[in-house]
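Shown next, in structure tokens, is the structure this report addresses.
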Amino acid sequence: MKAEIKNYNGRPAIMINGAVYPPMMATIRTNARDHIEFDREYFSELGKAGIKIFFLICDTIWLKPNALQLFEDEARALLAAVPDAWIVPRIGMHPTNEWIEAHPAETLTYSDGSRPPVHLFTESYETDLPAHYSLCSDQWRHDAGEALRETWSALMQLPYADRIIGCFLAAGGTSEWYYMHQVYKDGRALDHSDAFRRAFSAYLTEKFGTDDNLRRAWRRDDVTLDNPPIPAPECHFYEKLVDAEVFQPKQKMLSNADVPPPPQNGTNIGSFIDIDAHMDVFDFWRAWHLGTADSVLHFARIIKEMTPERLVGAFYGSVRNPTFFDGGTCGGTLRILDSGAVDFLAAPGVYENRHPGGFTGQREMHDSFALRNRIYIVEDDERTHLENRYFQDKYNLYDITDSVNILKREFGRNICEETQAWWFDQLLGGRRFKDPDIYNLFAAQQKIAAQSYEKDRRKNSEIAFIYDQESIQCVSQQTTRDLIEEMRNYTIARIGAPVDQYYHDDMANPAMPAYKLYVFFNLFYVTKEERRIIREKLQREGATAVWMYASGVIDPDAEKRFDPANMKSLTGMDMEMLEGCWEAKLRVTEHPLTAKLDKREILGANFALLKRVCAPSTNEGGKGTYLYPLFYSRDGEVAANFLTSGVPAITVKKLDGYTSIFYGAKCIEGKILRAMAEYAGCHIYTDSEEVLFANRNYVTFHASFSGTKTLRLPRRCTVREVYEDKIYATDADSVTFDAYLGETKMFELTD
């Protein structure tokens, strides 16, 4: 048996014994912690529908002496129901409580020496931990690694071991590798444990090499690589406290009062860490996140060494609140992807905006995965009308029509964006998809997926969204939420055109395709060499670049690391900074970029997000946005102005071989992104601000309003709706159809 990730018609795919396995897969919760609740009919129907890869819950024998028996009970039942099923054990790496009590130095420790307990919950294991084990502890890695070897060796001795195609590694909260403690809480800060100090020292040694280099970087003469000091609690002020005090100022606002002073404690520059004085805080967060990534790699290498012909994956890389800081799972994604030890990473979709008419935001930059022949697997835990009434009401799913359209939308996104996925049924014993209509839908989708994989799977997007994993820890949590998460949860699928998503490091990769429009969302911390690479790629391609908010403000190679003057070498514009906390509301001016936009509409301040297009918000955001500090360009054509400060909000400048656009707010509406895409010459399928996913072969459309819809096609072609098997147009450059709110149509485009 050989399972691998291989390029198949232009994109990575799961291959087993030379056969390709497109989406979808399945994870059904049957492990009741001490016994298995298995619905043979349910699994049999899923298998008949064409789902062949199943993730089964497992734990180490170290944690649960009966773990192997529980796994065998489920695996034998699965293979009896689906004889040609392939299995991926989902193995938890949690230590026992006895181990935690015997190794207090390997657990999270606050600055006051306390090690608070925590309640751990996973699909198969729930307990009160006496303390939270460190996810970067080398002692835990060693002992849990030995337990993994023992458990994996036992699994490989089973009579059906040739049906086991890989291992999915789990740890931390809900198996997703995140910490369940806040780093800063009640005046205390993590992590003063011996485990983290060793990891911090190892990170600094890898980065700086010598004490002298460390001292120059931190601008301190009293630090060493062997025993680096942990940042003081007050240094964490910028992470969340700035956000909290901006939205709930201590001073009550009265009509005749001055605007309250913005929050500061001497360690922050607005919503940024003062990185000139506190480079140690940045390095703390890099070590915090990379420590978890290194643990994923430690366990992955054990599996690869033992069984190199099998796949290895884990949850990691989720750019999603609250993992920006405390969770520790978004800063080391590229280290994992570049390691050669991990074949895939996974994350569930965001639990907001999933209702009919909305879309499920994704947490990973999946096109960076494809460049490295890795895959991103979406944990599609979409609720259906078969849930309890709480979840029915939360997601507006009341009947089979609602469920089918939601499942069509999710599947269509996976095909159009070329991501893998599993359907996840958390309901013990499984019933989320237990309906004849859903079985029939899954069967149809497996046929569609198989057909899609035989086509040219290279994407034809003209827009690339670019992010930075290092910059996330330089700026407050709400700032990253505004710039990345709110956009990906509420805007990205409403632009009217498909986008690809990368880390900026990929701009140096010659295999990265060329795009007409690049939007750089959070590139704050950018080295001189990285700036050169980005500029040269833009020039070669004659592209248009959009720089969001404070792009390039931190240059770690400069004498003054945080400086608006640093922004010019990235944006090509002379920049100014307004100190203080400012509103982000803007109005556009007369300019070709904004020709189709309402000159009186107020934009840039999260208005569209607050209104929510179709249903009440279920998210924890909705607070609006702020700019602290505010940045603007002193040159270029002005396409919008901020309303309270009066300075330019959008500026456009033609540079040597490319066009540069500076967008000074954090939140950006779909209509502005669409206007920028049109200005850059990108094809726009629809102006309706409804949900759309597309590649060269398919368009998935999910209606946010009832009515007649028109899609403009990128070429003349025949348009067939795949579920109806109905031709909607032939030799056409557009297609018109009717759709009701929440309806999903998936069109195949053929020449």
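By order in the structure tokens, chains are A, B, ...; within a chain, residues start at 1; ligands start at 1, following the order shown.
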With only C-alpha atoms counted and 8 Å as the cut-off, give the residues of region 278-357 of chain A in contact with region 131-146 of chain A, each with its shortest interatomic distance in Å and the pair that gives it, as CSV.
residue,atom,partner,partner_atom,distance
A:Trp288,CA,A:Cys136,CA,7.9
A:Gly291,CA,A:Cys136,CA,4.6
A:Thr292,CA,A:Leu135,CA,5.3
A:Asp294,CA,A:Cys136,CA,7.3
A:Ser295,CA,A:Cys136,CA,6.1
A:His298,CA,A:Arg141,CA,7.0
A:Phe299,CA,A:Gly145,CA,6.1
A:Ile302,CA,A:Gly145,CA,7.3
Go ahead and write the selection's residues with C-alpha atoms as a short mmCIF file (atom, residue, chain, number, x, y, z; two decimals), in the first residue's frame.
data_model
loop_
_atom_site.label_atom_id
_atom_site.label_comp_id
_atom_site.auth_asym_id
_atom_site.auth_seq_id
_atom_site.Cartn_x
_atom_site.Cartn_y
_atom_site.Cartn_z
CA TRP A 288 5.57 30.50 21.03
CA GLY A 291 7.38 25.70 19.33
CA THR A 292 4.02 24.16 18.55
CA ASP A 294 8.14 21.95 15.90
CA SER A 295 6.10 19.53 18.00
CA HIS A 298 8.57 15.88 15.79
CA PHE A 299 5.61 13.51 15.80
CA ILE A 302 8.21 9.51 13.75
#
Item to complete: Extract the full set of strand (DSSP E or B) residues from region 624-736 of chain A according to DSSP on the backbone, and format it as an NGL selection string.
Response: :A and (627 or 630-633 or 637-642 or 648-654 or 659-663 or 691-694 or 698-702 or 707-721 or 726-736)
Written file, previous selection with C-alpha atoms, as a PDB file, in the first residue's frame:
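Saved the output as selection_12.pdb:
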ATOM      1  CA  LEU A 627      -6.882  53.405  12.910  1.00  0.00           C
ATOM      2  CA  LEU A 630      -3.385  56.481  10.733  1.00  0.00           C
ATOM      3  CA  PHE A 631      -1.165  56.313   7.624  1.00  0.00           C
ATOM      4  CA  TYR A 632      -1.637  58.146   4.328  1.00  0.00           C
ATOM      5  CA  SER A 633       0.273  58.871   1.141  1.00  0.00           C
ATOM      6  CA  GLU A 637      -3.793  60.491  -7.327  1.00  0.00           C
ATOM      7  CA  VAL A 638      -6.416  60.680  -4.577  1.00  0.00           C
ATOM      8  CA  ALA A 639      -9.334  58.258  -5.033  1.00  0.00           C
ATOM      9  CA  ALA A 640     -10.862  58.623  -1.543  1.00  0.00           C
ATOM     10  CA  ASN A 641     -10.504  60.728   1.591  1.00  0.00           C
ATOM     11  CA  PHE A 642     -10.940  59.930   5.268  1.00  0.00           C
ATOM     12  CA  PRO A 648      -6.231  60.754   1.540  1.00  0.00           C
ATOM     13  CA  ALA A 649      -7.603  57.268   2.186  1.00  0.00           C
ATOM     14  CA  ILE A 650      -6.964  55.758  -1.249  1.00  0.00           C
ATOM     15  CA  THR A 651      -4.146  56.915  -3.510  1.00  0.00           C
ATOM     16  CA  VAL A 652      -3.038  55.624  -6.898  1.00  0.00           C
ATOM     17  CA  LYS A 653       0.462  55.993  -8.329  1.00  0.00           C
ATOM     18  CA  LYS A 654       1.970  54.709 -11.559  1.00  0.00           C
ATOM     19  CA  THR A 659       0.627  50.443 -10.492  1.00  0.00           C
ATOM     20  CA  SER A 660       0.575  51.000  -6.748  1.00  0.00           C
ATOM     21  CA  ILE A 661      -2.624  51.642  -4.770  1.00  0.00           C
ATOM     22  CA  PHE A 662      -2.520  52.512  -1.092  1.00  0.00           C
ATOM     23  CA  TYR A 663      -5.666  51.765   0.927  1.00  0.00           C
ATOM     24  CA  VAL A 691     -21.454  34.263  -3.204  1.00  0.00           C
ATOM     25  CA  LEU A 692     -19.291  33.043  -6.068  1.00  0.00           C
ATOM     26  CA  PHE A 693     -16.446  30.541  -6.439  1.00  0.00           C
ATOM     27  CA  ALA A 694     -14.877  29.819  -9.818  1.00  0.00           C
ATOM     28  CA  TYR A 698     -16.650  25.488 -12.905  1.00  0.00           C
ATOM     29  CA  VAL A 699     -18.603  28.353 -11.365  1.00  0.00           C
ATOM     30  CA  THR A 700     -20.454  27.839  -8.091  1.00  0.00           C
ATOM     31  CA  PHE A 701     -23.068  30.504  -7.352  1.00  0.00           C
ATOM     32  CA  HIS A 702     -24.944  30.775  -4.046  1.00  0.00           C
ATOM     33  CA  GLY A 707     -34.330  36.990  -8.345  1.00  0.00           C
ATOM     34  CA  THR A 708     -32.808  36.844 -11.808  1.00  0.00           C
ATOM     35  CA  LYS A 709     -29.014  36.497 -11.944  1.00  0.00           C
ATOM     36  CA  THR A 710     -26.489  37.065 -14.724  1.00  0.00           C
ATOM     37  CA  LEU A 711     -22.953  35.744 -14.841  1.00  0.00           C
ATOM     38  CA  ARG A 712     -20.425  37.179 -17.293  1.00  0.00           C
ATOM     39  CA  LEU A 713     -18.156  34.383 -18.487  1.00  0.00           C
ATOM     40  CA  PRO A 714     -14.412  34.710 -19.132  1.00  0.00           C
ATOM     41  CA  ARG A 715     -14.772  33.084 -22.583  1.00  0.00           C
ATOM     42  CA  ARG A 716     -17.480  31.840 -24.921  1.00  0.00           C
ATOM     43  CA  CYS A 717     -18.531  28.387 -23.791  1.00  0.00           C
ATOM     44  CA  THR A 718     -21.327  25.934 -23.075  1.00  0.00           C
ATOM     45  CA  VAL A 719     -22.821  26.231 -19.599  1.00  0.00           C
ATOM     46  CA  ARG A 720     -24.272  23.140 -17.887  1.00  0.00           C
ATOM     47  CA  GLU A 721     -25.730  22.965 -14.381  1.00  0.00           C
ATOM     48  CA  LYS A 726     -29.194  20.945 -17.898  1.00  0.00           C
ATOM     49  CA  ILE A 727     -27.623  23.170 -20.566  1.00  0.00           C
ATOM     50  CA  TYR A 728     -28.233  26.833 -19.698  1.00  0.00           C
ATOM     51  CA  ALA A 729     -26.314  28.375 -22.621  1.00  0.00           C
ATOM     52  CA  THR A 730     -24.211  27.382 -25.631  1.00  0.00           C
ATOM     53  CA  ASP A 731     -21.426  29.368 -27.277  1.00  0.00           C
ATOM     54  CA  ALA A 732     -22.240  32.163 -24.833  1.00  0.00           C
ATOM     55  CA  ASP A 733     -20.247  34.811 -22.984  1.00  0.00           C
ATOM     56  CA  SER A 734     -22.915  35.149 -20.274  1.00  0.00           C
ATOM     57  CA  VAL A 735     -25.652  33.123 -18.645  1.00  0.00           C
ATOM     58  CA  THR A 736     -28.898  34.289 -17.030  1.00  0.00           C
TER      59      THR A 736
END
Fill in: Surrounding residues of Leu407 (chain A) excluding itself and chain neighbours under 2 positions, 9 Å, only C-alpha atoms, as an MDAnalysis selection string
chainID A and resid 382 384 402:405 409:412 438 441:442 744
Excluding Asp687 (chain A) and its own-chain neighbours fewer than 4 positions away, which residues fall within 9 Å of it when counting only C-alpha atoms? Please give them as a CSV table (one decimal) with all heavy atoms, in the first residue's frame.
chain,number,residue,atom,x,y,z
A,494,ARG,N,-17.7,37.6,-2.2
A,494,ARG,CA,-18.6,38.5,-2.7
A,494,ARG,C,-18.0,39.5,-3.7
A,494,ARG,O,-18.6,40.5,-4.0
A,494,ARG,CB,-19.4,39.2,-1.6
A,494,ARG,CG,-20.1,38.3,-0.7
A,494,ARG,CD,-21.0,39.1,0.3
A,494,ARG,NE,-21.7,38.2,1.2
A,494,ARG,CZ,-22.8,37.5,1.0
A,494,ARG,NH1,-23.3,37.6,-0.2
A,494,ARG,NH2,-23.3,36.8,2.0
A,495,ILE,N,-16.8,39.3,-4.0
A,495,ILE,CA,-16.1,40.2,-4.9
A,495,ILE,C,-16.6,40.1,-6.3
A,495,ILE,O,-16.6,41.1,-7.1
A,495,ILE,CB,-14.6,40.0,-4.9
A,495,ILE,CG1,-14.0,40.2,-3.5
A,495,ILE,CG2,-13.8,40.8,-5.9
A,495,ILE,CD1,-12.6,39.7,-3.3
A,496,GLY,N,-17.1,38.9,-6.7
A,496,GLY,CA,-17.5,38.7,-8.1
A,496,GLY,C,-16.5,38.1,-8.9
A,496,GLY,O,-16.7,38.0,-10.2
A,671,LYS,N,-17.2,45.7,-2.7
A,671,LYS,CA,-17.4,46.6,-3.9
A,671,LYS,C,-16.1,47.4,-4.1
A,671,LYS,O,-15.8,47.7,-5.3
A,671,LYS,CB,-18.6,47.6,-3.6
A,671,LYS,CG,-18.4,48.5,-2.4
A,671,LYS,CD,-19.7,49.3,-2.2
A,671,LYS,CE,-20.9,48.5,-1.9
A,671,LYS,NZ,-22.1,49.3,-1.6
A,674,ARG,N,-13.8,44.9,-5.8
A,674,ARG,CA,-14.2,44.7,-7.2
A,674,ARG,C,-13.8,45.8,-8.0
A,674,ARG,O,-13.4,45.6,-9.2
A,674,ARG,CB,-15.7,44.4,-7.2
A,674,ARG,CG,-16.3,44.1,-8.6
A,674,ARG,CD,-17.7,43.5,-8.5
A,674,ARG,NE,-18.6,44.4,-7.8
A,674,ARG,CZ,-19.1,44.1,-6.6
A,674,ARG,NH1,-18.7,43.0,-6.0
A,674,ARG,NH2,-19.9,44.9,-6.0
A,711,LEU,N,-24.4,35.9,-15.0
A,711,LEU,CA,-23.0,35.7,-14.8
A,711,LEU,C,-22.3,36.1,-16.2
A,711,LEU,O,-22.7,35.5,-17.2
A,711,LEU,CB,-22.6,34.3,-14.4
A,711,LEU,CG,-23.2,33.8,-13.1
A,711,LEU,CD1,-22.8,32.3,-12.9
A,711,LEU,CD2,-22.6,34.7,-12.0
Worksheet item: From the list A:Trp62, A:Trp582, A:Phe196, A:Tyr110, which residue is nearest Trp152 (chain A) when using only C-alpha atoms?
Response: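 Among the listed residues, A:Trp62 lies closest to Trp152 (chain A).
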Worksheet item: DSSP says helix (DSSP H, G or I) for which residues of region 8-242 of chain A? Put them as a PyMOL selection string?
Response: chain A and resi 40-48+67-81+97-102+104-106+138-156+161-163+194-208+211-218+233-236+241-242
Wanna dump the region 372-491 of chain A-region 28-39 of chain A contacts at 12 Å for me, each residue with its shortest atom pair and the distance in Å to one decimal, counting only C-alpha atoms, ordered by chain and number, as a tab-separated table?
residue	atom	partner	partner_atom	distance
A:Glu379	CA	A:Ile28	CA	11.5
A:Asp380	CA	A:Ile28	CA	11.6
A:Asp381	CA	A:Ile28	CA	10.1
A:Trp422	CA	A:Ile28	CA	9.7
A:Trp423	CA	A:Ile28	CA	8.1
A:Phe424	CA	A:Ile28	CA	5.9
A:Asp425	CA	A:Ile28	CA	4.8
A:Gln426	CA	A:Arg29	CA	5.2
A:Leu427	CA	A:Arg29	CA	6.3
A:Leu428	CA	A:Arg29	CA	5.3
A:Gly429	CA	A:Thr30	CA	4.7
A:Gly430	CA	A:Ile28	CA	5.9
A:Arg431	CA	A:Asp39	CA	8.9
A:Arg432	CA	A:Ile28	CA	9.2
A:Phe433	CA	A:Ile28	CA	10.0
A:Lys434	CA	A:Asp39	CA	10.1
Discussion item. List the spatial neighbours of Ala665 (chain A) as a PyMOL selection string - criterion: any atom at most 6 Å away, only C-alpha atoms, same-chain residues fewer than 5 positions off excluded.
Written reply: chain A and resi 549+584+604
Please, could you write that set of residues out with N, CA and C atoms as an mmCIF file, in the first residue's frame?
data_model
loop_
_atom_site.group_PDB
_atom_site.id
_atom_site.type_symbol
_atom_site.label_atom_id
_atom_site.label_comp_id
_atom_site.auth_asym_id
_atom_site.auth_seq_id
_atom_site.Cartn_x
_atom_site.Cartn_y
_atom_site.Cartn_z
ATOM 1 N N TYR A 549 -3.494 49.374 4.770
ATOM 2 C CA TYR A 549 -3.204 50.021 6.041
ATOM 3 C C TYR A 549 -1.748 50.432 6.213
ATOM 4 N N ALA A 584 -12.143 55.380 10.667
ATOM 5 C CA ALA A 584 -11.732 54.848 9.366
ATOM 6 C C ALA A 584 -12.734 55.139 8.252
ATOM 7 N N GLY A 604 -15.285 51.774 4.324
ATOM 8 C CA GLY A 604 -14.046 51.594 5.080
ATOM 9 C C GLY A 604 -14.194 51.369 6.558
#
Fill in: Residue among A:Asp656, A:Asp211, A:Glu690, A:Asp456 lying closest to Arg540 (chain A), counting only C-alpha atoms
A:Asp656
Please identify every residue of region 36-111 of chain A that has at least one atom no farther than 10 Å from an atom of region 182-186 of chain A, counting only C-alpha atoms, and for each give the shortest atom pair and the distance in Å to one decimal, arranged by chain then increasing number, as JSON lines.
{"residue": "A:Leu108", "atom": "CA", "partner": "A:Val183", "partner_atom": "CA", "distance": 9.5}
{"residue": "A:Thr109", "atom": "CA", "partner": "A:Val183", "partner_atom": "CA", "distance": 9.8}
{"residue": "A:Tyr110", "atom": "CA", "partner": "A:Val183", "partner_atom": "CA", "distance": 8.1}
{"residue": "A:Ser111", "atom": "CA", "partner": "A:Tyr184", "partner_atom": "CA", "distance": 9.6}
Practice prompt. Work out how far CA of Ile165 (chain A) is from CA of Arg40 (chain A), in Å to one decimal.
Written response: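 Spanning CA of Arg40 (chain A) to CA of Ile165 (chain A) is a straight-line distance of 21.7 Å.
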Worksheet item: Residues at most 9 Å from Asp500 (chain A), counting only C-alpha atoms, excluding those fewer than 4 positions away in the same chain, as a ChimeraX atom specification?
Response: /A:365-367,417,459,461-466
Export, as an mmCIF file, in the first residue's frame, the selected residues with N, CA and C atoms.
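So the final result, stored in part29.cif, reads:
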data_model
loop_
_atom_site.group_PDB
_atom_site.id
_atom_site.type_symbol
_atom_site.label_atom_id
_atom_site.label_comp_id
_atom_site.auth_asym_id
_atom_site.auth_seq_id
_atom_site.Cartn_x
_atom_site.Cartn_y
_atom_site.Cartn_z
ATOM 1 N N MET A 365 -4.122 29.664 3.936
ATOM 2 C CA MET A 365 -3.710 30.209 2.647
ATOM 3 C C MET A 365 -3.381 29.036 1.733
ATOM 4 N N HIS A 366 -4.422 28.418 1.172
ATOM 5 C CA HIS A 366 -4.285 27.090 0.573
ATOM 6 C C HIS A 366 -3.472 27.055 -0.709
ATOM 7 N N ASP A 367 -3.328 28.172 -1.415
ATOM 8 C CA ASP A 367 -2.523 28.136 -2.632
ATOM 9 C C ASP A 367 -1.032 28.081 -2.321
ATOM 10 N N GLU A 417 -12.007 25.903 -5.655
ATOM 11 C CA GLU A 417 -10.770 26.391 -5.051
ATOM 12 C C GLU A 417 -9.716 25.297 -4.924
ATOM 13 N N LYS A 459 -5.691 26.639 -11.812
ATOM 14 C CA LYS A 459 -6.696 27.686 -11.633
ATOM 15 C C LYS A 459 -6.394 28.861 -12.562
ATOM 16 N N SER A 461 -7.364 32.159 -11.745
ATOM 17 C CA SER A 461 -7.636 33.404 -11.018
ATOM 18 C C SER A 461 -6.694 34.507 -11.487
ATOM 19 N N GLU A 462 -7.192 35.725 -11.477
ATOM 20 C CA GLU A 462 -6.393 36.889 -11.858
ATOM 21 C C GLU A 462 -6.048 37.759 -10.653
ATOM 22 N N ILE A 463 -6.534 37.347 -9.478
ATOM 23 C CA ILE A 463 -6.342 38.119 -8.248
ATOM 24 C C ILE A 463 -5.653 37.242 -7.222
ATOM 25 N N ALA A 464 -4.619 37.777 -6.577
ATOM 26 C CA ALA A 464 -3.934 37.072 -5.492
ATOM 27 C C ALA A 464 -4.020 37.908 -4.220
ATOM 28 N N PHE A 465 -4.446 37.282 -3.147
ATOM 29 C CA PHE A 465 -4.432 37.900 -1.828
ATOM 30 C C PHE A 465 -3.184 37.398 -1.105
ATOM 31 N N ILE A 466 -2.424 38.318 -0.537
ATOM 32 C CA ILE A 466 -1.118 38.007 0.042
ATOM 33 C C ILE A 466 -1.116 38.375 1.529
#
